[in-house]
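Scroll down for the structure; my scribbles are underneath it.
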Amino acid sequence: MFFKKYSVILCGLFLSACSEYPVTDGEVVQHYYDNADTYQSLAEQSCLIPRQENKDFLVISVNETNSEYFDIQSTLRVLGRDSISISNVRGECSLEVIYDAFGLGGSATVYSLKFNVVEPIPYNKIVHAFKKRKDTKDDINFDMRLSNGWYFSFSQN
């Protein structure tokens, strides 16, 4: 009985570790296009901060009680996202909104939407195809251009 109980638990853990990605590229891209105007508004709101406050990096979360960034927090809620990273790189405002992230044992996979990527890693549909990524443990990073300075970014390390 003892062995059988733990065998079931170990099998469950093994299967969950080998399961499909919980998110697809198409889902993230469709989310962006369904909300492109809201993302553009978020970029306009967020990129005022580095100029006004002379900050090089800032993370704003919807869980914060800081009313200073209420408009940005409200926009994130509308998008169903919980935080945004705002950075000022070489005098240019860049943003990252994480769509989904997961990992196990020191590795991480991150799906995000980024605005004004300073040095994008071009998407190559042969190398970066969703089906190919599922079958490899290699590091994979790319930035797929969407519209209005926004990118779908993927990182698997």
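Residue numbers start at 1 in each chain; chains themselves are named A, B, ... in the order of the structure tokens; ligands are numbered from 1 in the order shown.
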Considering only alpha helix (DSSP H) as DSSP defines it on the backbone, what residues of region 39-111 of chain A qualify? List them as an mmCIF file with all heavy atoms, in the first residue's frame.
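Writing done, so here's result-v5.cif:
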data_model
loop_
_atom_site.group_PDB
_atom_site.id
_atom_site.type_symbol
_atom_site.label_atom_id
_atom_site.label_comp_id
_atom_site.auth_asym_id
_atom_site.auth_seq_id
_atom_site.Cartn_x
_atom_site.Cartn_y
_atom_site.Cartn_z
ATOM 1 N N TYR A 39 -3.005 48.092 -25.212
ATOM 2 C CA TYR A 39 -1.548 48.013 -25.060
ATOM 3 C C TYR A 39 -0.876 49.313 -25.479
ATOM 4 O O TYR A 39 0.082 49.758 -24.845
ATOM 5 C CB TYR A 39 -0.969 46.818 -25.832
ATOM 6 C CG TYR A 39 -0.993 45.551 -25.019
ATOM 7 C CD1 TYR A 39 -1.974 44.596 -25.215
ATOM 8 C CD2 TYR A 39 -0.050 45.327 -24.019
ATOM 9 C CE1 TYR A 39 -2.015 43.444 -24.445
ATOM 10 C CE2 TYR A 39 -0.084 44.182 -23.245
ATOM 11 C CZ TYR A 39 -1.071 43.240 -23.457
ATOM 12 O OH TYR A 39 -1.117 42.113 -22.683
ATOM 13 N N GLN A 40 -1.394 49.946 -26.527
ATOM 14 C CA GLN A 40 -0.817 51.217 -26.964
ATOM 15 C C GLN A 40 -1.028 52.289 -25.894
ATOM 16 O O GLN A 40 -0.139 53.087 -25.609
ATOM 17 C CB GLN A 40 -1.416 51.646 -28.306
ATOM 18 C CG GLN A 40 -0.571 52.631 -29.036
ATOM 19 C CD GLN A 40 0.850 52.114 -29.298
ATOM 20 O OE1 GLN A 40 1.085 50.932 -29.528
ATOM 21 N NE2 GLN A 40 1.810 53.008 -29.235
ATOM 22 N N SER A 41 -2.205 52.284 -25.291
ATOM 23 C CA SER A 41 -2.489 53.219 -24.202
ATOM 24 C C SER A 41 -1.560 52.962 -23.013
ATOM 25 O O SER A 41 -1.044 53.893 -22.393
ATOM 26 C CB SER A 41 -3.956 53.076 -23.779
ATOM 27 O OG SER A 41 -4.226 53.855 -22.652
ATOM 28 N N LEU A 42 -1.320 51.692 -22.717
ATOM 29 C CA LEU A 42 -0.410 51.325 -21.634
ATOM 30 C C LEU A 42 0.996 51.844 -21.914
ATOM 31 O O LEU A 42 1.661 52.366 -21.013
ATOM 32 C CB LEU A 42 -0.391 49.804 -21.457
ATOM 33 C CG LEU A 42 0.498 49.249 -20.358
ATOM 34 C CD1 LEU A 42 0.001 49.693 -18.975
ATOM 35 C CD2 LEU A 42 0.551 47.725 -20.435
ATOM 36 N N ALA A 43 1.446 51.730 -23.156
ATOM 37 C CA ALA A 43 2.778 52.231 -23.528
ATOM 38 C C ALA A 43 2.851 53.744 -23.340
ATOM 39 O O ALA A 43 3.838 54.263 -22.794
ATOM 40 C CB ALA A 43 3.108 51.851 -24.967
ATOM 41 N N GLU A 44 1.820 54.434 -23.780
ATOM 42 C CA GLU A 44 1.811 55.893 -23.638
ATOM 43 C C GLU A 44 1.836 56.309 -22.168
ATOM 44 O O GLU A 44 2.589 57.209 -21.780
ATOM 45 C CB GLU A 44 0.594 56.476 -24.349
ATOM 46 C CG GLU A 44 0.685 56.358 -25.863
ATOM 47 C CD GLU A 44 -0.638 56.619 -26.564
ATOM 48 O OE1 GLU A 44 -1.616 57.056 -25.921
ATOM 49 O OE2 GLU A 44 -0.688 56.381 -27.797
ATOM 50 N N GLN A 45 1.032 55.642 -21.333
ATOM 51 C CA GLN A 45 0.994 55.953 -19.899
ATOM 52 C C GLN A 45 2.339 55.654 -19.244
ATOM 53 O O GLN A 45 2.880 56.463 -18.487
ATOM 54 C CB GLN A 45 -0.075 55.101 -19.184
ATOM 55 C CG GLN A 45 -1.489 55.381 -19.571
ATOM 56 C CD GLN A 45 -2.429 54.305 -19.021
ATOM 57 O OE1 GLN A 45 -2.035 53.179 -18.732
ATOM 58 N NE2 GLN A 45 -3.696 54.664 -18.877
ATOM 59 N N SER A 46 2.858 54.466 -19.526
ATOM 60 C CA SER A 46 4.060 53.980 -18.835
ATOM 61 C C SER A 46 5.316 54.733 -19.244
ATOM 62 O O SER A 46 6.203 54.962 -18.420
ATOM 63 C CB SER A 46 4.247 52.485 -19.108
ATOM 64 O OG SER A 46 3.120 51.767 -18.657
ATOM 65 N N LEU A 48 5.722 57.745 -19.953
ATOM 66 C CA LEU A 48 5.830 59.082 -19.361
ATOM 67 C C LEU A 48 6.666 59.047 -18.082
ATOM 68 O O LEU A 48 7.326 60.016 -17.741
ATOM 69 C CB LEU A 48 4.437 59.644 -19.036
ATOM 70 C CG LEU A 48 3.562 60.022 -20.215
ATOM 71 C CD1 LEU A 48 2.180 60.444 -19.720
ATOM 72 C CD2 LEU A 48 4.204 61.140 -21.023
ATOM 73 N N ILE A 49 6.649 57.930 -17.387
ATOM 74 C CA ILE A 49 7.299 57.830 -16.068
ATOM 75 C C ILE A 49 8.804 58.068 -16.123
ATOM 76 O O ILE A 49 9.324 58.881 -15.366
ATOM 77 C CB ILE A 49 6.956 56.489 -15.390
ATOM 78 C CG1 ILE A 49 5.460 56.467 -15.080
ATOM 79 C CG2 ILE A 49 7.776 56.287 -14.125
ATOM 80 C CD1 ILE A 49 4.945 55.142 -14.622
ATOM 81 N N PRO A 50 9.568 57.371 -17.009
ATOM 82 C CA PRO A 50 11.019 57.620 -17.014
ATOM 83 C C PRO A 50 11.368 59.091 -17.287
ATOM 84 O O PRO A 50 12.313 59.613 -16.718
ATOM 85 C CB PRO A 50 11.545 56.718 -18.132
ATOM 86 C CG PRO A 50 10.524 55.659 -18.291
ATOM 87 C CD PRO A 50 9.210 56.304 -17.954
ATOM 88 N N ARG A 51 10.584 59.733 -18.143
ATOM 89 C CA ARG A 51 10.846 61.134 -18.460
ATOM 90 C C ARG A 51 10.500 62.043 -17.285
ATOM 91 O O ARG A 51 11.248 62.949 -16.943
ATOM 92 C CB ARG A 51 10.034 61.556 -19.691
ATOM 93 C CG ARG A 51 10.619 61.011 -20.965
ATOM 94 C CD ARG A 51 9.847 61.511 -22.179
ATOM 95 N NE ARG A 51 9.455 60.330 -22.949
ATOM 96 C CZ ARG A 51 8.249 60.108 -23.433
ATOM 97 N NH1 ARG A 51 7.296 60.960 -23.277
ATOM 98 N NH2 ARG A 51 8.007 59.007 -24.104
ATOM 99 N N GLN A 52 9.358 61.805 -16.654
ATOM 100 C CA GLN A 52 8.898 62.671 -15.579
ATOM 101 C C GLN A 52 9.654 62.454 -14.278
ATOM 102 O O GLN A 52 9.916 63.394 -13.542
ATOM 103 C CB GLN A 52 7.403 62.454 -15.323
ATOM 104 C CG GLN A 52 6.524 62.922 -16.464
ATOM 105 C CD GLN A 52 5.067 62.544 -16.247
ATOM 106 O OE1 GLN A 52 4.738 61.672 -15.447
ATOM 107 N NE2 GLN A 52 4.182 63.205 -16.966
ATOM 108 N N GLU A 53 9.991 61.205 -13.983
ATOM 109 C CA GLU A 53 10.577 60.876 -12.682
ATOM 110 C C GLU A 53 12.061 60.578 -12.743
ATOM 111 O O GLU A 53 12.666 60.248 -11.725
ATOM 112 C CB GLU A 53 9.818 59.693 -12.073
ATOM 113 C CG GLU A 53 8.345 60.005 -11.851
ATOM 114 C CD GLU A 53 7.595 58.865 -11.214
ATOM 115 O OE1 GLU A 53 8.239 57.937 -10.666
ATOM 116 O OE2 GLU A 53 6.362 58.893 -11.253
ATOM 117 N N PHE A 70 -2.115 54.515 -10.441
ATOM 118 C CA PHE A 70 -3.456 53.929 -10.514
ATOM 119 C C PHE A 70 -3.897 53.671 -11.957
ATOM 120 O O PHE A 70 -4.466 52.624 -12.260
ATOM 121 C CB PHE A 70 -4.483 54.823 -9.796
ATOM 122 C CG PHE A 70 -5.867 54.278 -9.844
ATOM 123 C CD1 PHE A 70 -6.248 53.243 -9.001
ATOM 124 C CD2 PHE A 70 -6.803 54.782 -10.746
ATOM 125 C CE1 PHE A 70 -7.523 52.721 -9.050
ATOM 126 C CE2 PHE A 70 -8.081 54.258 -10.801
ATOM 127 C CZ PHE A 70 -8.442 53.229 -9.951
ATOM 128 N N ASP A 71 -3.632 54.615 -12.870
ATOM 129 C CA ASP A 71 -4.053 54.452 -14.276
ATOM 130 C C ASP A 71 -3.389 53.243 -14.920
ATOM 131 O O ASP A 71 -4.033 52.483 -15.642
ATOM 132 C CB ASP A 71 -3.737 55.710 -15.090
ATOM 133 C CG ASP A 71 -4.607 56.896 -14.712
ATOM 134 O OD1 ASP A 71 -5.651 56.682 -14.050
ATOM 135 O OD2 ASP A 71 -4.246 58.028 -15.067
ATOM 136 N N ILE A 72 -2.112 53.066 -14.663
ATOM 137 C CA ILE A 72 -1.384 51.926 -15.227
ATOM 138 C C ILE A 72 -1.890 50.626 -14.612
ATOM 139 O O ILE A 72 -2.119 49.639 -15.325
ATOM 140 C CB ILE A 72 0.139 52.085 -15.026
ATOM 141 C CG1 ILE A 72 0.630 53.280 -15.851
ATOM 142 C CG2 ILE A 72 0.886 50.813 -15.406
ATOM 143 C CD1 ILE A 72 2.050 53.689 -15.575
ATOM 144 N N GLN A 73 -2.107 50.623 -13.308
ATOM 145 C CA GLN A 73 -2.631 49.438 -12.635
ATOM 146 C C GLN A 73 -4.013 49.068 -13.187
ATOM 147 O O GLN A 73 -4.302 47.900 -13.422
ATOM 148 C CB GLN A 73 -2.684 49.656 -11.126
ATOM 149 C CG GLN A 73 -1.308 49.762 -10.507
ATOM 150 C CD GLN A 73 -1.341 50.342 -9.097
ATOM 151 O OE1 GLN A 73 -2.176 51.162 -8.775
ATOM 152 N NE2 GLN A 73 -0.409 49.882 -8.268
ATOM 153 N N SER A 74 -4.842 50.066 -13.432
ATOM 154 C CA SER A 74 -6.180 49.820 -13.988
ATOM 155 C C SER A 74 -6.088 49.232 -15.389
ATOM 156 O O SER A 74 -6.835 48.310 -15.736
ATOM 157 C CB SER A 74 -6.988 51.123 -14.037
ATOM 158 O OG SER A 74 -7.232 51.580 -12.739
ATOM 159 N N THR A 75 -5.183 49.750 -16.197
ATOM 160 C CA THR A 75 -5.005 49.234 -17.556
ATOM 161 C C THR A 75 -4.503 47.792 -17.520
ATOM 162 O O THR A 75 -4.968 46.951 -18.297
ATOM 163 C CB THR A 75 -4.040 50.130 -18.358
ATOM 164 O OG1 THR A 75 -4.538 51.473 -18.344
ATOM 165 C CG2 THR A 75 -3.905 49.653 -19.791
ATOM 166 N N LEU A 76 -3.583 47.489 -16.629
ATOM 167 C CA LEU A 76 -3.101 46.107 -16.479
ATOM 168 C C LEU A 76 -4.248 45.174 -16.086
ATOM 169 O O LEU A 76 -4.344 44.056 -16.596
ATOM 170 C CB LEU A 76 -1.981 46.037 -15.441
ATOM 171 C CG LEU A 76 -0.634 46.608 -15.859
ATOM 172 C CD1 LEU A 76 0.295 46.723 -14.660
ATOM 173 C CD2 LEU A 76 0.003 45.745 -16.944
ATOM 174 N N ARG A 77 -5.106 45.622 -15.199
ATOM 175 C CA ARG A 77 -6.267 44.807 -14.797
ATOM 176 C C ARG A 77 -7.165 44.512 -15.995
ATOM 177 O O ARG A 77 -7.630 43.391 -16.169
ATOM 178 C CB ARG A 77 -7.063 45.499 -13.695
ATOM 179 C CG ARG A 77 -6.457 45.369 -12.333
ATOM 180 C CD ARG A 77 -7.393 45.942 -11.249
ATOM 181 N NE ARG A 77 -6.681 46.068 -10.006
ATOM 182 C CZ ARG A 77 -6.074 47.175 -9.590
ATOM 183 N NH1 ARG A 77 -6.134 48.277 -10.311
ATOM 184 N NH2 ARG A 77 -5.434 47.199 -8.447
ATOM 185 N N VAL A 78 -7.412 45.530 -16.826
ATOM 186 C CA VAL A 78 -8.231 45.353 -18.031
ATOM 187 C C VAL A 78 -7.613 44.278 -18.928
ATOM 188 O O VAL A 78 -8.323 43.452 -19.511
ATOM 189 C CB VAL A 78 -8.388 46.690 -18.799
ATOM 190 C CG1 VAL A 78 -8.958 46.472 -20.190
ATOM 191 C CG2 VAL A 78 -9.250 47.663 -18.006
ATOM 192 N N LEU A 79 -6.298 44.270 -19.025
ATOM 193 C CA LEU A 79 -5.580 43.302 -19.859
ATOM 194 C C LEU A 79 -5.447 41.933 -19.195
ATOM 195 O O LEU A 79 -4.995 40.977 -19.835
ATOM 196 C CB LEU A 79 -4.186 43.843 -20.201
ATOM 197 C CG LEU A 79 -4.169 45.070 -21.108
ATOM 198 C CD1 LEU A 79 -2.776 45.675 -21.158
ATOM 199 C CD2 LEU A 79 -4.667 44.702 -22.500
#
Selection: 7 Å around Ser61 (chain A), only C-alpha atoms, excl. self and same-chain fewer than 6 positions, as a PDB file with N, CA and C atoms, in the first residue's frame:
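Saved result, around-v4.pdb, follows:
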ATOM      1  N   GLN A  73      -2.107  50.623 -13.308  1.00  0.00           N
ATOM      2  CA  GLN A  73      -2.631  49.438 -12.635  1.00  0.00           C
ATOM      3  C   GLN A  73      -4.013  49.068 -13.187  1.00  0.00           C
ATOM      4  N   ASP A  82      -0.647  41.228 -14.386  1.00  0.00           N
ATOM      5  CA  ASP A  82      -0.467  41.678 -13.005  1.00  0.00           C
ATOM      6  C   ASP A  82       0.721  42.600 -12.765  1.00  0.00           C
ATOM      7  N   SER A  83       1.568  42.822 -13.783  1.00  0.00           N
ATOM      8  CA  SER A  83       2.672  43.757 -13.574  1.00  0.00           C
ATOM      9  C   SER A  83       3.269  44.182 -14.906  1.00  0.00           C
ATOM     10  N   ILE A  84       4.043  45.256 -14.820  1.00  0.00           N
ATOM     11  CA  ILE A  84       4.776  45.756 -15.987  1.00  0.00           C
ATOM     12  C   ILE A  84       6.151  46.213 -15.520  1.00  0.00           C
TER      13      ILE A  84
END
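Nearest-residue note for Gln156 (chain A): choosing from A:Pro22, A:Gly103, A:Gly91, A:Gly80, the minimum distance belongs to A:Gly103, counting only C-alpha atoms.
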Given only C-alpha atoms as the counted atoms, nearest of A:Phe154, A:Arg90, A:Val23, A:Val97 to Val62 (chain A): A:Val97
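Interatomic distance, CA of Ser94 (chain A) to CA of Lys137 (chain A): 28.6 Å.
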Minimum-distance residue to Val29 (chain A), chosen among A:Thr109, A:Tyr123, A:Lys131, A:Tyr99 (using only C-alpha atoms):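 For Val29 (chain A), the nearest of the given residues is A:Tyr99.
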Residue nearest Phe130 (chain A) among A:Thr24, A:Ser147, A:Asn157, A:Ser85 (counting only C-alpha atoms): A:Thr24
Sel. of strand (DSSP E or B) residues, chain A, as number ranges by chain: A: 57-61, 83-89, 92-104, 107-115, 122, 140-145, 150-156
Nearby residues (only C-alpha atoms) at most 9 Å from Val89 (chain A), same-chain spacing under 5 positions excluded, as a ChimeraX atom specification: /A:56-57,94,118
Option closest in space to Asn35 (chain A), from A:Leu113, A:Met144, A:Cys47, A:Cys93 [counting only C-alpha atoms]: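 Ranking A:Leu113, A:Met144, A:Cys47, A:Cys93 by distance to Asn35 (chain A), first place goes to A:Leu113.
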For Asp138 (chain A), the nearest of the candidates A:Asn54, A:Ser107, A:Lys125, A:Ile86, counting only C-alpha atoms: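 Of A:Asn54, A:Ser107, A:Lys125, A:Ile86, the one nearest Asp138 (chain A), counting only C-alpha atoms, is A:Ser107.
Here CA of Asn124 (chain A) is placed at a distance of 26.0 Å from CA of Gly106 (chain A).
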Interatomic distance (Å, one decimal) between CA of Trp150 (chain A) and CA of Ile98 (chain A):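 Those two atoms sit 12.9 Å apart.
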12 Å contact set for Asn141 (chain A), only C-alpha atoms, chain neighbours under 4 positions out, as a list in words: Ala108, Thr109, Val110, Tyr111, Ser112, Pro120, Ile121, Pro122, Tyr123, Asn124, Val127, His128, Ala129, Arg133, Phe152, Ser153, Phe154, Ser155, Gln156 and Asn157 of chain A
Okay, now the selection with N, CA, C and O atoms, as a PDB file, in the first residue's frame?
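Printed below is part-v5.pdb as written:
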ATOM      1  N   ALA A 108      13.429  28.183 -16.834  1.00  0.00           N
ATOM      2  CA  ALA A 108      12.217  28.997 -16.898  1.00  0.00           C
ATOM      3  C   ALA A 108      11.812  29.218 -18.346  1.00  0.00           C
ATOM      4  O   ALA A 108      12.656  29.322 -19.229  1.00  0.00           O
ATOM      5  N   THR A 109      10.515  29.294 -18.552  1.00  0.00           N
ATOM      6  CA  THR A 109       9.954  29.632 -19.845  1.00  0.00           C
ATOM      7  C   THR A 109       9.066  30.841 -19.636  1.00  0.00           C
ATOM      8  O   THR A 109       8.210  30.833 -18.746  1.00  0.00           O
ATOM      9  N   VAL A 110       9.292  31.886 -20.426  1.00  0.00           N
ATOM     10  CA  VAL A 110       8.558  33.137 -20.243  1.00  0.00           C
ATOM     11  C   VAL A 110       7.966  33.581 -21.579  1.00  0.00           C
ATOM     12  O   VAL A 110       8.681  33.689 -22.574  1.00  0.00           O
ATOM     13  N   TYR A 111       6.663  33.814 -21.566  1.00  0.00           N
ATOM     14  CA  TYR A 111       5.952  34.416 -22.693  1.00  0.00           C
ATOM     15  C   TYR A 111       5.654  35.846 -22.280  1.00  0.00           C
ATOM     16  O   TYR A 111       5.040  36.073 -21.238  1.00  0.00           O
ATOM     17  N   SER A 112       6.065  36.820 -23.077  1.00  0.00           N
ATOM     18  CA  SER A 112       5.790  38.199 -22.699  1.00  0.00           C
ATOM     19  C   SER A 112       5.509  39.053 -23.925  1.00  0.00           C
ATOM     20  O   SER A 112       5.796  38.674 -25.057  1.00  0.00           O
ATOM     21  N   PRO A 120      16.163  43.559 -30.615  1.00  0.00           N
ATOM     22  CA  PRO A 120      15.339  42.356 -30.744  1.00  0.00           C
ATOM     23  C   PRO A 120      16.111  41.185 -31.342  1.00  0.00           C
ATOM     24  O   PRO A 120      16.992  41.371 -32.174  1.00  0.00           O
ATOM     25  N   ILE A 121      15.762  40.002 -30.880  1.00  0.00           N
ATOM     26  CA  ILE A 121      16.295  38.765 -31.438  1.00  0.00           C
ATOM     27  C   ILE A 121      15.264  38.303 -32.465  1.00  0.00           C
ATOM     28  O   ILE A 121      14.150  37.930 -32.093  1.00  0.00           O
ATOM     29  N   PRO A 122      15.594  38.385 -33.752  1.00  0.00           N
ATOM     30  CA  PRO A 122      14.587  38.099 -34.790  1.00  0.00           C
ATOM     31  C   PRO A 122      14.003  36.692 -34.677  1.00  0.00           C
ATOM     32  O   PRO A 122      14.703  35.723 -34.388  1.00  0.00           O
ATOM     33  N   TYR A 123      12.712  36.632 -34.918  1.00  0.00           N
ATOM     34  CA  TYR A 123      11.995  35.354 -34.947  1.00  0.00           C
ATOM     35  C   TYR A 123      12.270  34.671 -36.281  1.00  0.00           C
ATOM     36  O   TYR A 123      12.207  35.282 -37.336  1.00  0.00           O
ATOM     37  N   ASN A 124      12.607  33.386 -36.205  1.00  0.00           N
ATOM     38  CA  ASN A 124      12.830  32.571 -37.394  1.00  0.00           C
ATOM     39  C   ASN A 124      11.855  31.401 -37.303  1.00  0.00           C
ATOM     40  O   ASN A 124      12.005  30.539 -36.438  1.00  0.00           O
ATOM     41  N   VAL A 127      13.466  27.831 -37.052  1.00  0.00           N
ATOM     42  CA  VAL A 127      14.191  27.528 -35.808  1.00  0.00           C
ATOM     43  C   VAL A 127      13.291  27.636 -34.579  1.00  0.00           C
ATOM     44  O   VAL A 127      13.389  26.830 -33.657  1.00  0.00           O
ATOM     45  N   HIS A 128      12.404  28.630 -34.569  1.00  0.00           N
ATOM     46  CA  HIS A 128      11.622  28.934 -33.376  1.00  0.00           C
ATOM     47  C   HIS A 128      10.190  28.397 -33.393  1.00  0.00           C
ATOM     48  O   HIS A 128       9.398  28.745 -32.524  1.00  0.00           O
ATOM     49  N   ALA A 129       9.859  27.567 -34.348  1.00  0.00           N
ATOM     50  CA  ALA A 129       8.501  27.034 -34.440  1.00  0.00           C
ATOM     51  C   ALA A 129       8.086  26.376 -33.130  1.00  0.00           C
ATOM     52  O   ALA A 129       8.882  25.704 -32.463  1.00  0.00           O
ATOM     53  N   ARG A 133      10.195  23.778 -30.516  1.00  0.00           N
ATOM     54  CA  ARG A 133      10.590  24.181 -29.157  1.00  0.00           C
ATOM     55  C   ARG A 133      10.154  23.154 -28.132  1.00  0.00           C
ATOM     56  O   ARG A 133      10.837  22.950 -27.126  1.00  0.00           O
ATOM     57  N   PHE A 152       6.013  40.058 -29.492  1.00  0.00           N
ATOM     58  CA  PHE A 152       5.780  38.853 -28.692  1.00  0.00           C
ATOM     59  C   PHE A 152       7.168  38.287 -28.447  1.00  0.00           C
ATOM     60  O   PHE A 152       7.911  38.019 -29.390  1.00  0.00           O
ATOM     61  N   SER A 153       7.540  38.122 -27.188  1.00  0.00           N
ATOM     62  CA  SER A 153       8.872  37.623 -26.843  1.00  0.00           C
ATOM     63  C   SER A 153       8.760  36.296 -26.117  1.00  0.00           C
ATOM     64  O   SER A 153       7.874  36.097 -25.275  1.00  0.00           O
ATOM     65  N   PHE A 154       9.674  35.406 -26.448  1.00  0.00           N
ATOM     66  CA  PHE A 154       9.706  34.083 -25.843  1.00  0.00           C
ATOM     67  C   PHE A 154      11.118  33.840 -25.335  1.00  0.00           C
ATOM     68  O   PHE A 154      12.093  34.151 -26.020  1.00  0.00           O
ATOM     69  N   SER A 155      11.205  33.269 -24.145  1.00  0.00           N
ATOM     70  CA  SER A 155      12.505  32.916 -23.570  1.00  0.00           C
ATOM     71  C   SER A 155      12.393  31.573 -22.871  1.00  0.00           C
ATOM     72  O   SER A 155      11.521  31.388 -22.013  1.00  0.00           O
ATOM     73  N   GLN A 156      13.254  30.651 -23.253  1.00  0.00           N
ATOM     74  CA  GLN A 156      13.321  29.343 -22.596  1.00  0.00           C
ATOM     75  C   GLN A 156      14.763  29.104 -22.216  1.00  0.00           C
ATOM     76  O   GLN A 156      15.626  28.973 -23.078  1.00  0.00           O
ATOM     77  N   ASN A 157      15.040  29.113 -20.934  1.00  0.00           N
ATOM     78  CA  ASN A 157      16.417  28.926 -20.446  1.00  0.00           C
ATOM     79  C   ASN A 157      16.445  27.864 -19.373  1.00  0.00           C
ATOM     80  O   ASN A 157      15.581  27.729 -18.597  1.00  0.00           O
TER      81      ASN A 157
END
